[in-house]
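Structure file my_file-v3.cif (mmCIF, C-alpha atoms and all ligand atoms) follows.
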data_start
loop_
_atom_site.label_atom_id
_atom_site.label_comp_id
_atom_site.auth_asym_id
_atom_site.auth_seq_id
_atom_site.Cartn_x
_atom_site.Cartn_y
_atom_site.Cartn_z
CA MET B 175 82.14 100.79 79.89
CA LEU B 176 82.60 99.72 83.47
CA SER B 177 81.12 96.31 84.15
CA ALA B 178 81.56 93.61 86.79
CA ALA B 179 83.48 94.35 89.97
CA ARG B 180 87.11 93.22 89.88
CA LEU B 181 87.56 93.70 93.59
CA SER B 182 84.94 93.95 96.32
CA PHE B 183 85.07 94.27 100.07
CA ARG B 184 81.87 93.86 102.08
CA LYS B 185 82.04 94.73 105.76
CA THR B 186 85.59 93.43 105.75
CA SER B 187 87.29 93.55 109.14
CA LEU B 188 90.63 92.32 110.30
CA CYS B 189 91.91 91.77 113.80
CA PHE B 190 95.51 90.52 114.12
CA PRO B 191 96.26 87.72 116.61
CA ASP B 192 97.82 90.26 119.01
CA GLY B 193 94.46 92.05 119.22
CA THR B 194 95.28 94.94 116.85
CA VAL B 195 92.15 95.84 114.93
CA ALA B 196 93.54 96.97 111.56
CA LEU B 197 90.31 97.29 109.56
CA ARG B 198 86.72 97.78 110.58
CA GLU B 199 83.89 96.97 108.18
CA VAL B 200 85.41 98.23 104.95
CA ASP B 201 83.01 98.45 102.00
CA LEU B 202 84.61 99.07 98.63
CA ASP B 203 84.10 98.04 94.99
CA ILE B 204 86.50 98.49 92.13
CA ALA B 205 84.96 97.82 88.73
CA GLU B 206 86.63 96.42 85.66
CA GLY B 207 88.73 99.12 84.03
CA GLU B 208 88.53 101.47 87.02
CA LEU B 209 91.53 103.07 88.73
CA VAL B 210 90.81 103.88 92.37
CA SER B 211 93.23 105.53 94.80
CA LEU B 212 93.29 104.77 98.50
CA ILE B 213 94.66 107.37 100.83
CA GLY B 214 94.80 107.50 104.62
CA PRO B 215 97.12 108.12 107.54
CA SER B 216 100.05 105.81 108.16
CA GLY B 217 98.97 102.64 109.95
CA CYS B 218 95.30 102.91 108.95
CA GLY B 219 95.35 99.52 107.26
CA LYS B 220 95.97 100.27 103.56
CA SER B 221 98.62 97.58 103.09
CA THR B 222 96.53 95.18 105.15
CA LEU B 223 93.60 95.75 102.80
CA LEU B 224 95.73 94.93 99.74
CA ARG B 225 97.16 91.86 101.49
CA ILE B 226 93.63 90.63 102.13
CA ALA B 227 92.70 91.28 98.48
CA SER B 228 95.65 89.20 97.27
CA GLY B 229 94.97 86.33 99.67
CA LEU B 230 98.15 86.90 101.71
CA LEU B 231 95.94 87.57 104.74
CA GLU B 232 92.51 86.29 105.59
CA ALA B 233 89.83 88.72 106.78
CA SER B 234 88.43 88.09 110.26
CA SER B 235 84.92 88.80 109.04
CA GLY B 236 83.08 90.12 106.01
CA GLU B 237 83.44 89.17 102.38
CA VAL B 238 86.15 89.69 99.79
CA LEU B 239 85.82 89.12 96.09
CA CYS B 240 89.01 89.16 94.05
CA ASP B 241 90.03 87.13 91.02
CA LEU B 242 93.56 86.03 91.89
CA ASP B 243 94.23 84.75 88.37
CA GLY B 244 94.87 88.10 86.76
CA LEU B 245 96.48 89.85 89.71
CA GLY B 246 99.52 92.15 89.65
CA TYR B 247 101.05 93.44 92.88
CA VAL B 248 103.57 96.30 93.02
CA PHE B 249 105.21 97.18 96.34
CA GLN B 250 107.01 100.29 97.57
CA ASP B 251 110.29 98.38 97.65
CA PRO B 252 111.00 97.14 94.11
CA THR B 253 112.58 93.96 95.66
CA LEU B 254 114.69 93.24 92.57
CA LEU B 255 117.11 90.32 92.71
CA PRO B 256 120.56 91.96 92.65
CA TRP B 257 122.27 89.04 90.91
CA ARG B 258 119.87 89.06 87.97
CA ARG B 259 120.03 91.45 85.07
CA VAL B 260 116.99 93.66 84.33
CA GLN B 261 115.71 91.26 81.64
CA LYS B 262 115.88 88.27 84.02
CA ASN B 263 114.29 90.23 86.87
CA VAL B 264 111.37 91.08 84.62
CA GLU B 265 111.04 87.45 83.51
CA LEU B 266 110.75 86.24 87.11
CA PHE B 267 106.96 85.92 87.49
CA ALA B 268 106.65 84.40 84.02
CA GLU B 269 109.28 81.85 85.06
CA LEU B 270 107.35 81.07 88.25
CA HIS B 271 104.24 80.57 86.11
CA GLY B 272 106.14 78.14 83.90
CA LEU B 273 105.97 80.12 80.65
CA PRO B 274 108.32 78.81 77.95
CA LYS B 275 111.69 80.54 77.68
CA ALA B 276 111.15 82.23 74.30
CA GLU B 277 107.73 83.53 75.30
CA ARG B 278 108.88 85.01 78.61
CA ALA B 279 111.85 86.67 76.91
CA GLU B 280 109.52 88.24 74.37
CA ARG B 281 107.04 89.35 77.05
CA ALA B 282 109.85 90.87 79.12
CA ARG B 283 111.12 92.82 76.12
CA ARG B 284 107.60 94.09 75.48
CA ALA B 285 107.07 95.08 79.12
CA LEU B 286 110.43 96.86 79.24
CA ARG B 287 109.52 98.78 76.11
CA LEU B 288 106.21 99.79 77.70
CA VAL B 289 107.91 101.27 80.77
CA GLY B 290 110.57 103.01 78.70
CA LEU B 291 113.52 100.79 79.66
CA GLU B 292 114.42 99.48 76.24
CA GLY B 293 118.21 99.18 76.10
CA SER B 294 118.62 98.50 79.84
CA GLU B 295 117.95 94.76 79.59
CA ARG B 296 121.50 93.73 80.45
CA ARG B 297 122.10 96.10 83.34
CA PHE B 298 122.09 95.00 86.97
CA PRO B 299 119.73 96.63 89.53
CA LYS B 300 122.58 98.39 91.35
CA ALA B 301 123.36 100.35 88.20
CA LEU B 302 119.83 101.81 88.06
CA SER B 303 118.30 104.94 89.59
CA GLY B 304 115.38 104.64 92.04
CA GLY B 305 112.91 105.59 89.31
CA MET B 306 114.34 102.98 86.94
CA ARG B 307 114.08 100.30 89.62
CA SER B 308 110.42 101.20 90.09
CA ARG B 309 109.94 100.82 86.35
CA VAL B 310 111.56 97.38 86.40
CA SER B 311 109.26 96.35 89.22
CA LEU B 312 106.29 97.61 87.20
CA ALA B 313 107.46 95.73 84.10
CA ARG B 314 107.89 92.56 86.18
CA SER B 315 104.19 92.75 87.13
CA LEU B 316 103.03 93.77 83.64
CA ILE B 317 104.50 90.61 82.13
CA LEU B 318 101.51 88.52 83.23
CA GLU B 319 99.12 91.10 81.74
CA PRO B 320 97.06 91.51 84.93
CA SER B 321 93.44 92.57 84.83
CA LEU B 322 93.72 93.93 88.39
CA PHE B 323 96.71 95.78 89.80
CA LEU B 324 97.34 96.35 93.49
CA PHE B 325 99.82 99.20 93.98
CA ASP B 326 101.15 99.70 97.50
CA GLU B 327 102.85 103.12 97.51
CA PRO B 328 105.07 102.07 94.60
CA PHE B 329 106.62 105.52 94.12
CA ALA B 330 106.87 106.70 97.73
CA ALA B 331 110.67 106.52 97.66
CA VAL B 332 111.32 108.40 94.41
CA ASP B 333 111.63 112.17 94.00
CA GLU B 334 108.62 114.25 92.99
CA ILE B 335 109.62 114.86 89.38
CA THR B 336 110.27 111.17 88.78
CA ARG B 337 107.03 110.29 90.53
CA GLU B 338 105.07 112.60 88.26
CA ARG B 339 106.67 110.96 85.23
CA LEU B 340 105.87 107.52 86.58
CA ASN B 341 102.28 108.65 87.20
CA ASP B 342 102.01 109.63 83.52
CA GLU B 343 103.43 106.21 82.68
CA ILE B 344 100.76 104.49 84.79
CA ILE B 345 98.03 106.47 83.04
CA ARG B 346 99.45 105.58 79.64
CA LEU B 347 99.56 101.87 80.55
CA PHE B 348 96.09 102.10 82.07
CA CYS B 349 94.69 103.61 78.85
CA LEU B 350 96.49 100.96 76.80
CA SER B 351 95.67 97.86 78.84
CA GLY B 352 92.44 98.80 80.61
CA PHE B 353 93.34 97.04 83.87
CA ALA B 354 91.50 97.81 87.10
CA ALA B 355 93.67 99.11 89.94
CA ALA B 356 93.73 99.92 93.62
CA PHE B 357 96.50 102.48 94.09
CA VAL B 358 97.61 103.15 97.67
CA THR B 359 99.47 106.40 98.17
CA HIS B 360 100.37 109.04 100.74
CA SER B 361 100.34 111.77 98.13
CA ILE B 362 97.10 113.70 97.67
CA SER B 363 98.19 114.99 94.29
CA GLU B 364 99.14 111.50 93.06
CA ALA B 365 95.86 110.04 94.36
CA CYS B 366 93.78 112.65 92.51
CA TYR B 367 95.84 112.68 89.32
CA LEU B 368 95.62 108.92 88.79
CA ALA B 369 92.17 107.95 89.91
CA SER B 370 88.57 108.32 88.88
CA ARG B 371 87.69 107.93 92.58
CA VAL B 372 89.71 108.64 95.69
CA VAL B 373 88.85 106.57 98.75
CA VAL B 374 89.77 108.43 101.94
CA MET B 375 90.31 106.16 104.92
CA THR B 376 90.05 107.05 108.61
CA ARG B 377 92.90 106.63 111.03
CA SER B 378 93.34 103.17 112.55
CA PRO B 379 91.28 101.01 112.68
CA GLY B 380 90.72 101.89 109.04
CA ARG B 381 87.29 102.41 107.53
CA VAL B 382 86.20 104.18 104.39
CA HIS B 383 85.63 107.75 105.55
CA ALA B 384 84.62 109.28 102.22
CA VAL B 385 84.84 108.76 98.49
CA VAL B 386 85.68 111.66 96.18
CA GLU B 387 84.80 111.47 92.48
CA VAL B 388 87.52 112.89 90.25
CA PRO B 389 85.69 114.54 87.36
CA PHE B 390 88.37 114.28 84.65
CA GLY B 391 88.57 111.77 81.80
CA TYR B 392 91.62 109.90 80.51
CA PRO B 393 94.23 110.38 79.28
CA ARG B 394 95.25 113.20 81.61
CA ALA B 395 97.70 115.90 80.69
CA PRO B 396 100.44 116.83 83.18
CA GLU B 397 99.15 120.44 83.15
CA LEU B 398 95.93 119.22 84.77
CA ARG B 399 97.77 119.33 88.11
CA PHE B 400 97.72 123.14 88.00
CA GLU B 401 94.13 123.68 86.91
CA PRO B 402 91.79 125.21 89.51
CA ALA B 403 89.28 122.33 89.19
CA PHE B 404 92.04 119.84 89.99
CA VAL B 405 93.36 121.89 92.90
CA GLU B 406 89.80 122.00 94.25
CA VAL B 407 89.61 118.18 94.23
CA THR B 408 92.91 117.96 96.13
CA ARG B 409 91.58 120.48 98.64
CA GLN B 410 88.50 118.32 99.25
CA VAL B 411 90.60 115.19 99.74
CA SER B 412 92.92 117.04 102.10
CA ALA B 413 89.99 118.29 104.20
CA LEU B 414 88.43 114.82 104.34
CA LEU B 415 91.77 113.31 105.37
CA ARG B 416 92.03 115.76 108.26
CA GLU B 417 88.45 115.03 109.23
CA GLY B 418 88.98 111.24 109.14
CA ASN B 419 92.20 111.59 111.11
CA THR B 420 90.81 113.62 113.97
CA GLY B 421 87.20 112.49 114.01
CA GLU B 422 86.20 116.16 114.09
CA GLY B 423 84.12 117.83 111.45
CA ALA B 424 85.91 119.72 108.72
CA GLU B 425 84.58 122.50 106.58
CA LEU B 426 84.62 121.54 102.92
N1 LIG A 1 101.33 91.26 111.53
C1 LIG A 1 100.80 92.22 112.29
N2 LIG A 1 100.48 92.01 113.59
C2 LIG A 1 99.91 92.97 114.34
N3 LIG A 1 99.63 94.23 113.90
C3 LIG A 1 99.93 94.50 112.62
C4 LIG A 1 100.54 93.53 111.74
N4 LIG A 1 100.72 94.10 110.52
C5 LIG A 1 100.26 95.36 110.62
N5 LIG A 1 99.79 95.61 111.87
C6 LIG A 1 99.16 96.83 112.36
O1 LIG A 1 97.97 97.03 111.62
C7 LIG A 1 97.75 98.40 111.35
C8 LIG A 1 97.66 98.63 109.86
O2 LIG A 1 98.92 98.40 109.24
P1 LIG A 1 99.18 98.66 107.70
O3 LIG A 1 98.13 97.97 106.92
O4 LIG A 1 100.59 98.30 107.41
O5 LIG A 1 98.97 100.25 107.60
P2 LIG A 1 99.27 101.26 106.38
O6 LIG A 1 99.67 100.46 105.20
O7 LIG A 1 98.00 102.01 106.19
O8 LIG A 1 100.36 102.18 106.86
C9 LIG A 1 98.89 99.14 112.03
O9 LIG A 1 98.46 99.54 113.29
C10 LIG A 1 99.98 98.08 112.14
O10 LIG A 1 100.83 98.35 113.21
MG MG A 2 101.44 100.43 104.09
#
Would you put the structure from the file into structure tokens?
Amino acid sequence: MLSAARLSFRKTSLCFPDGTVALREVDLDIAEGELVSLIGPSGCGKSTLLRIASGLLEASSGEVLCDLDGLGYVFQDPTLLPWRRVQKNVELFAELHGLPKAERAERARRALRLVGLEGSERRFPKALSGGMRSRVSLARSLILEPSLFLFDEPFAAVDEITRERLNDEIIRLFCLSGFAAAFVTHSISEACYLASRVVVMTRSPGRVHAVVEVPFGYPRAPELRFEPAFVEVTRQVSALLREGNTGEGAEL
């Protein structure tokens, strides 16, 4: 069952020092064990919203509730350290948190198994494909067993087939671990496939334009993407995106 909110924004606004208003009165709640997608035009403030959630940026006004203790953050760029092997890259956050050597090695092995990279522990990042690098980045965040994940377009740079596989991976991990997540993406199909709710943002300065409920349970089968009910949800999100981008009404 869903219970307490893991992440809440109440009338959260952000104005950068140069006067750019990035967010205007955003209201959003993500409950424990809920996977919510955020979609909106480039520059509408999606990354800014996640930065505020993680404490990297402070909101100009409004309230933010986020438990930083169990937070995982996955960026578009995997930002792996090229001189470290996969195993040591995955151990990084555990190292920074001061976990003992044997424990972080064991956790890294477990995380690598979860993302399907068993056997690649001793490879260097340059020897990996884009999809594999994304998996390493995911494993690196999984190692601290977060209760809330912030995903900032983590698969934007990988090809569609790989992205679909990685989406299935996320759903599998989500079903296994029950974390809550805010998943920022440009892809309508990805947003709808992953989430139980899709939050559609307006163009800059970003606000929540609409929220679409995705009426499918978990786990989700890859074939769902071709079912008429799923296509209908993507059509709704697409229409709302256009509406929020132009400010004109759209026919749903
Ligand atoms: N440090 C900054 N100073 C001023 N403006 C910024 C800064 N960072 C981002 N912006 C602006 O804030 C808006 C939102 O940016 P961002 O959150 O990165 O958008 P998105 O992730 O949705 O593409 C954009 O107009 C961007 O140019
Ligand atoms: Mg961004």
Kindly assemble as CSV a list of the chain B residues that lie within 8 Å of ligand MG 2 (chain A), each paired with its nearest atom pair and their distance in Å to one decimal, using only C-alpha atoms and all ligand atoms, sorted first by chain and then by ascending residue number.
residue,atom,partner,partner_atom,distance
B:Ser216,CA,A:MG2,MG,6.9
B:Gly217,CA,A:MG2,MG,6.7
B:Gly219,CA,A:MG2,MG,6.9
B:Lys220,CA,A:MG2,MG,5.5
B:Ser221,CA,A:MG2,MG,4.1
B:Thr222,CA,A:MG2,MG,7.3
B:Asp326,CA,A:MG2,MG,6.6
B:Glu327,CA,A:MG2,MG,7.2
B:Val358,CA,A:MG2,MG,8.0
Quick one: which chain B residues come within 10 Å of ligand LIG 1 (chain A), and what is the nearest atom pair for each with the distance in Å to one decimal, counting all atoms listed in the file, rows ordered by chain and ascending number, as JSON lines?
{"residue": "B:Leu188", "atom": "CA", "partner": "A:LIG1", "partner_atom": "O1", "distance": 8.8}
{"residue": "B:Cys189", "atom": "CA", "partner": "A:LIG1", "partner_atom": "N3", "distance": 8.1}
{"residue": "B:Phe190", "atom": "CA", "partner": "A:LIG1", "partner_atom": "C2", "distance": 5.0}
{"residue": "B:Pro191", "atom": "CA", "partner": "A:LIG1", "partner_atom": "N2", "distance": 6.7}
{"residue": "B:Asp192", "atom": "CA", "partner": "A:LIG1", "partner_atom": "C2", "distance": 5.8}
{"residue": "B:Gly193", "atom": "CA", "partner": "A:LIG1", "partner_atom": "C2", "distance": 7.4}
{"residue": "B:Thr194", "atom": "CA", "partner": "A:LIG1", "partner_atom": "N3", "distance": 5.3}
{"residue": "B:Val195", "atom": "CA", "partner": "A:LIG1", "partner_atom": "O1", "distance": 6.8}
{"residue": "B:Ala196", "atom": "CA", "partner": "A:LIG1", "partner_atom": "O1", "distance": 4.4}
{"residue": "B:Leu197", "atom": "CA", "partner": "A:LIG1", "partner_atom": "C8", "distance": 7.5}
{"residue": "B:Leu212", "atom": "CA", "partner": "A:LIG1", "partner_atom": "O7", "distance": 9.4}
{"residue": "B:Ile213", "atom": "CA", "partner": "A:LIG1", "partner_atom": "O7", "distance": 8.3}
{"residue": "B:Gly214", "atom": "CA", "partner": "A:LIG1", "partner_atom": "O7", "distance": 6.5}
{"residue": "B:Pro215", "atom": "CA", "partner": "A:LIG1", "partner_atom": "O7", "distance": 6.3}
{"residue": "B:Ser216", "atom": "CA", "partner": "A:LIG1", "partner_atom": "O8", "distance": 3.9}
{"residue": "B:Gly217", "atom": "CA", "partner": "A:LIG1", "partner_atom": "O5", "distance": 3.4}
{"residue": "B:Cys218", "atom": "CA", "partner": "A:LIG1", "partner_atom": "O7", "distance": 4.0}
{"residue": "B:Gly219", "atom": "CA", "partner": "A:LIG1", "partner_atom": "O3", "distance": 3.2}
{"residue": "B:Lys220", "atom": "CA", "partner": "A:LIG1", "partner_atom": "O7", "distance": 3.8}
{"residue": "B:Ser221", "atom": "CA", "partner": "A:LIG1", "partner_atom": "O6", "distance": 3.7}
{"residue": "B:Thr222", "atom": "CA", "partner": "A:LIG1", "partner_atom": "O3", "distance": 3.7}
{"residue": "B:Leu223", "atom": "CA", "partner": "A:LIG1", "partner_atom": "O3", "distance": 6.5}
{"residue": "B:Leu224", "atom": "CA", "partner": "A:LIG1", "partner_atom": "O3", "distance": 8.2}
{"residue": "B:Arg225", "atom": "CA", "partner": "A:LIG1", "partner_atom": "O3", "distance": 8.2}
{"residue": "B:Ile226", "atom": "CA", "partner": "A:LIG1", "partner_atom": "O3", "distance": 9.9}
{"residue": "B:Leu231", "atom": "CA", "partner": "A:LIG1", "partner_atom": "N1", "distance": 9.4}
{"residue": "B:Asp326", "atom": "CA", "partner": "A:LIG1", "partner_atom": "O6", "distance": 7.9}
{"residue": "B:Glu327", "atom": "CA", "partner": "A:LIG1", "partner_atom": "O6", "distance": 8.7}
{"residue": "B:Val358", "atom": "CA", "partner": "A:LIG1", "partner_atom": "O6", "distance": 8.3}
{"residue": "B:Thr359", "atom": "CA", "partner": "A:LIG1", "partner_atom": "O6", "distance": 9.2}
{"residue": "B:His360", "atom": "CA", "partner": "A:LIG1", "partner_atom": "O8", "distance": 9.2}
{"residue": "B:Met375", "atom": "CA", "partner": "A:LIG1", "partner_atom": "O7", "distance": 8.8}
{"residue": "B:Thr376", "atom": "CA", "partner": "A:LIG1", "partner_atom": "O7", "distance": 9.7}
{"residue": "B:Arg377", "atom": "CA", "partner": "A:LIG1", "partner_atom": "O7", "distance": 8.4}
{"residue": "B:Ser378", "atom": "CA", "partner": "A:LIG1", "partner_atom": "O9", "distance": 6.3}
{"residue": "B:Pro379", "atom": "CA", "partner": "A:LIG1", "partner_atom": "C7", "distance": 7.1}
{"residue": "B:Gly380", "atom": "CA", "partner": "A:LIG1", "partner_atom": "C8", "distance": 7.7}
Subject >> Polymer residues at most 9 Å from Pro393 of chain B, all atoms listed in the file, same-chain spacing of 2 or more positions, as a list in words >> reply: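 With the cut-off at 9 Å, the set is Asp342, Ile345, Arg346, Phe348, Cys349, Phe390, Gly391 and Ala395 of chain B.
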Subject >> Closest of B:Leu368, B:Ala384, B:Met306, B:Leu316 to Val264 of chain B - atom-to-atom distances counting all atoms listed in the file >> reply: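 Answer, going by the shortest atom-to-atom distance: B:Leu316.
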**OP:** Have a look at B:Leu242, B:Leu286, B:Val260, B:Val373 and name the one nearest to Pro299 of chain B; count all atoms listed in the file.
**Re:**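 Of B:Leu242, B:Leu286, B:Val260, B:Val373, the one nearest Pro299 of chain B is B:Val260, counting all atoms listed in the file.
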**OP:** Have a look at B:Leu288, B:Leu312, B:Val200, B:Ala356 and name the one nearest to Ser228 of chain B; count only C-alpha atoms.
**Re:**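 Going through B:Leu288, B:Leu312, B:Val200, B:Ala356 one by one, the smallest distance to Ser228 of chain B is for B:Ala356.
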Subject >> Given all atoms listed in the file as the counted atoms, nearest of B:Ser303, B:Gln261, B:Asn341, B:Ser294 to Arg278 of chain B >> reply: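 Selected residue with least distance to Arg278 of chain B: B:Gln261.
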Subject >> atom CA of Ser361 of chain B to atom CA of Ala403 of chain B, straight-line distance in Å >> reply: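 Computing it gives 17.7 Å between the two atoms.
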Subject >> Shortest interatomic distance to Arg259 of chain B - which of B:Ala330, B:Val405, B:Val310, B:Leu415, counting all atoms listed in the file >> reply: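 Going through B:Ala330, B:Val405, B:Val310, B:Leu415 one by one, the smallest distance to Arg259 of chain B is for B:Val310.
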Subject >> Contact residues around Val386 of chain B with all atoms listed in the file at 9 Å, ignoring same-chain residues under 5 positions, as a ChimeraX atom specification >> reply: /B:366,370-374,407,410-411
